[in-house]
Amino acid sequence: MDSVLRRFGLKKGDQRDGRQAAPKDLFAYSECVQYGFPYKPSSIAFHPQLKLLAIGTHTGSLRIYGAPGVQLISVHKDEVAVLKIFFSGQANIITLCADNSLHLWEIGTKDQRSCIQEIRSLSLERVFSGASSTCLSLPSGCLFLGTDSGHVYMLDLKNFKLLDQVIFQENVVQNAPEEFRRNPGAVESIVVHPLKPEKVLIGYNRGLIVLYNIKQKKTEQFYNPGQELECLFFHRSGKEFMSAHINGSYIVWKLSETNHPKEQTTTPYGPFPCKAINKMEWKTVESDDAMMIFSGGMPRASYGDHHTVTVMQGDRHIVFDFTSKVIDFVTFSTADETLYTNSNASASYDDPSCLFVLLEEEMVVIDLESDGWPVFSAPYLATVHSTAITCTTHVSDANGTFWNKLMGAGRKQLTGFSSREWPVCGGVNLRKDSMARDILITGHEDGSVRFWDVSSVDIVLIYKLSTSNLFSLSSGHENSEDLDMDEEWPPFKKVGTYDPFSDDPRLGIQKIAVSSLNATLILGGTAGQVIIMQLGSEDGQINLKRVDVNIVGERDNFVWKGHEALPLKTEARFPPGFQPLGVLQINPPAACTSLAFHPDWQVLAVGTSHGFGLVDYGQMVFLTCKCTLSLTETSGLGESTMSRRKSFKKSLRESFRRLRSRRSERRPKAEVKEDDTRMNPISSPGGRQTKGALTSRHRQTHIGTTDVELSKPVERQVEARPVEDVSGSIVRALYFVETYLTSAQSHTPTFWAGTNAGYVYMYQLAVPPNERRSSQSIQALLVKEIHLKHRAPVMSICVIDHSAIPFIAPREARTEQAAEGELTGGAHSVVICSEEQLKVFSLPHLSAREKYKLTASEGSKIRKVSYVKFRSPAASNYFEYDLACLTNLGEVQVFSLPHLRRVFKAECIRQENIIGIVSCIFNRNGDAFHLSSPSEFKRFSISTTASVYPVCSVPMGGGGDDGSLSCTSSPDRSHSANATRTRATTSQVSGDHLSDDDTGGHVSPADESVRSGDTTEDSVRVHISGGSEELISPQSLTVNNSVITTTRLISTSIVQNTSNETTVSTTRYGTSSNRN
């Protein structure tokens, strides 16, 4: 019995029994919050009184933003573009969609969650084909809808119905000039008189402008500008109006004069042909000249590709130049606030305060009251994709000193912004200030790294780091752009943070590793550059140290045909923040595929598609490397796969082999149908079982033992990957840990590396003591190897102690957050996660203990692996560590340690969202971040203790039904009716972690199939035996030309026969012995 317990890492009286009996309310899927800028925005609106901002998207999303922490999101039933948004009252919102429908929304509460409820919807498809222009008139209480056919319809805001009165084009133009009577075109613009709401200006596409009286139902005036019309705008006095046109000109008209305009046609950027002025606003200022704001109008030949908004006031003239398309802009004025307070009141002046410019990739808010019209620093709607995101990582509960230094360095970068408070301040954030210090770090294509505060529902930029100044790059295009910006006309001013252009694609950041306790940052780049940085508080000139790591070496016939390495500067000046300690250059300069370091040992490992290397970055000394390329790859890597690696005959042979294997697997239809019903061990609602992925969206399932004996499901046949697979040399997993690698009596520092071909290399490290660390370097010796049978890519390596607590690297030691793993008190095991299976080996003998064959049982493949600490909300002192993995189907599955029983499964990411799956990262508390779109991060949780979600209150003033509307939110743990039904039909058993003997023989088919006894089919190779206490020391190693040689070699293979007896075959200097 003792041997059986030891096999599972247990002893008599093990405290794990208490953990098994603890409550299992640990797992639940919940969508927390969206970070970033809405993808494909299409419309914007601002409520001047409530200080709320609304943004609609092309995917049907409606988002309301207020003060920091106030955030409400809803989606239209049909995912159609939101063309226009109107605040029609205190809590009412009207949206016009691309399917010619109107929707009425109200901010309210539902199930104690923040929500925007859709009250009514109105389809206009049968009335007219499409709305070409709109205008909201609060004094009139109606919404004007101009159509492509030239008619104008009116929507009553009170009952949300179309009025019987329609302004037909035929009635309007019957007395118009002859050239406009036949077809004046679609209604291009509608504006209501600011003082007399019964009078409306209607502008038609071909240029005709009419003043129409709604009460009298007649046309009062005609205006003929002679140019195709784009938009109209009334002066605050109501005596004048302005028309903007397709040729980039505008005209000022007197309302009482129809024969000729008040002023001559003005083309601001003429006389050359200009693009159309898409939108124009004319605002009066009490203490200054009137302000004109318009988008477009640039000279077509020279600046036609610029996206601009122009602001002119007297002698002041600025053209705000953006890097993405202008969708719309809205001006917040004091007069508008008065209008929402009292619809019958009228202010004498507009007095514009700020300008909201909605762009395709960001939103920019301009302060119109301060000198120079600076830009506001937005507390949310951050442009996380300012340049393309290439990698991400997360720091949970960062060290306080590290946090303060980083915040201080970031504050020094916030220059040139407006000193006024953020104008969108509606609502109240009811969330308590979080004590957590969570940081999301993004690496970008241009070599920059950004640190984001994600401790709350808003993502805020803390600090930005650029690595481009470390390298000597050509800057010819930058000089030419500077010359353009020096031109006196037009007076451009670059604003916004979105910059899709990169100086050099080799600058891209591919991997990030960070230690907040040691304030160390390691960056791996596209051209094989690895930058080691330390957080500093003062600026200075830094001499750059370089270490070359030649992984391939002098191999015959190997030719690198990729990009060259970046030329490194000898010195560079860095401001306070992260400053370089040194730079490693990997040769060949391939992209970094994996990165790991141990800050206490000051050792760094980097992997590429050719192999991996070890460097002592404390002394900037190269230690060792290993090339993982096969002999065939060294002669053909980088060339055509068919021409160098595969002949035509070989390709045909492989095709015929696959065809024969498929035919041999064919079974009678009845047998196939019977087996398929058992393929997936999880039942869907109603007893129907699925094959592979679950059918319901966001389904979550708890898995435990059952009282019904279930048969073993059929496993898929997983073919072994070819040995000469060109991607097999890629190093995916690197890991540092102190464990029992060579002896069960002594633990030593070790280094582990896993490749795409299923190889795991284990090194023992000799780390000098602290007093000799400055003079002696670390030494490394290859000790053991593991070759996985199917040669599946190794995704993760992690050592766990006798209590199944992982040693998470890099180890944030000496703090509560990283007291993970004990070096004393029991045996260690290593969990090796490949793309197809999870496997547990005992240490130091590397005998296989547990296995979960994911691909064979379900057909999915592992893409991300993380070790999560789950806490019970009911029992605060209970927690456990489990293994969470994300598959290529977008499912998150949680497995218990060390027995690898699946305890939870949920669909979290759409299978089609490949970028979202690849970009997903987990933190230690069960929260995950992934790119839901190119511009947004989505945060979700698989733990019941999720705490980051909006909690807000929006006071509605006197217009609400009850004076205020309280909006609170808790994490959504279902998000679909199917998920709710699933939870109702699945049982949750408290003994999920019990062994087979304790469950009375009733084991779920998933556990029975994938935790089978064939756990010794992988070959294990031992290079150095562990008979002595101190296996290696710095004095016992022989180092020649950076290659460590040894004098002993032991090869061990472990094979399990049919009677479950383990045979260990050991070869030493030509002799062999067998032990049963």
# chains A, B, ... in the order shown; residues from 1 in each chain; ligands from 1
call {"tool": "residues_around", "arguments": {"residues": "stretch 367-377 of chain A", "least_positions_apart": "4", "cutoff": "9 Å", "atoms": "only C-alpha atoms", "output": "list in words"}}
result
Arg316, Ile318, Asp351, Pro352, Ser353, Cys354, Leu355, Leu414, Gly416, Phe417, Ser418, Ser419, Arg420, Glu421, Trp422, Pro423, Val495 and Gly496 of chain A
call {"tool": "select_by_dssp", "arguments": {"residues": "stretch 111-247 of chain A", "states": "helix (DSSP H, G or I)", "output": "MDAnalysis selection string"}}
result
chainID A and resid 169:172 178:181
call {"tool": "write_last_selection", "arguments": {"atoms": "N, CA and C atoms", "output": "tab-separated table (two decimals), in the first residue's frame"}}
result
chain	number	residue	atom	x	y	z
A	169	GLN	N	-40.57	65.57	-51.27
A	169	GLN	CA	-39.70	66.38	-52.11
A	169	GLN	C	-40.50	67.13	-53.17
A	170	GLU	N	-41.54	66.53	-53.69
A	170	GLU	CA	-42.32	67.17	-54.75
A	170	GLU	C	-42.97	68.47	-54.24
A	171	ASN	N	-43.44	68.43	-53.00
A	171	ASN	CA	-44.07	69.63	-52.45
A	171	ASN	C	-43.07	70.73	-52.14
A	172	VAL	N	-41.83	70.32	-51.80
A	172	VAL	CA	-40.82	71.30	-51.43
A	172	VAL	C	-40.30	72.06	-52.64
A	178	GLU	N	-35.82	76.01	-62.04
A	178	GLU	CA	-36.14	74.98	-63.02
A	178	GLU	C	-35.17	73.80	-62.96
A	179	GLU	N	-33.86	74.08	-62.77
A	179	GLU	CA	-32.88	73.00	-62.82
A	179	GLU	C	-33.00	72.03	-61.65
A	180	PHE	N	-33.73	72.41	-60.59
A	180	PHE	CA	-33.84	71.53	-59.43
A	180	PHE	C	-35.20	70.85	-59.32
A	181	ARG	N	-36.10	71.16	-60.19
A	181	ARG	CA	-37.44	70.61	-60.03
A	181	ARG	C	-37.51	69.13	-60.33
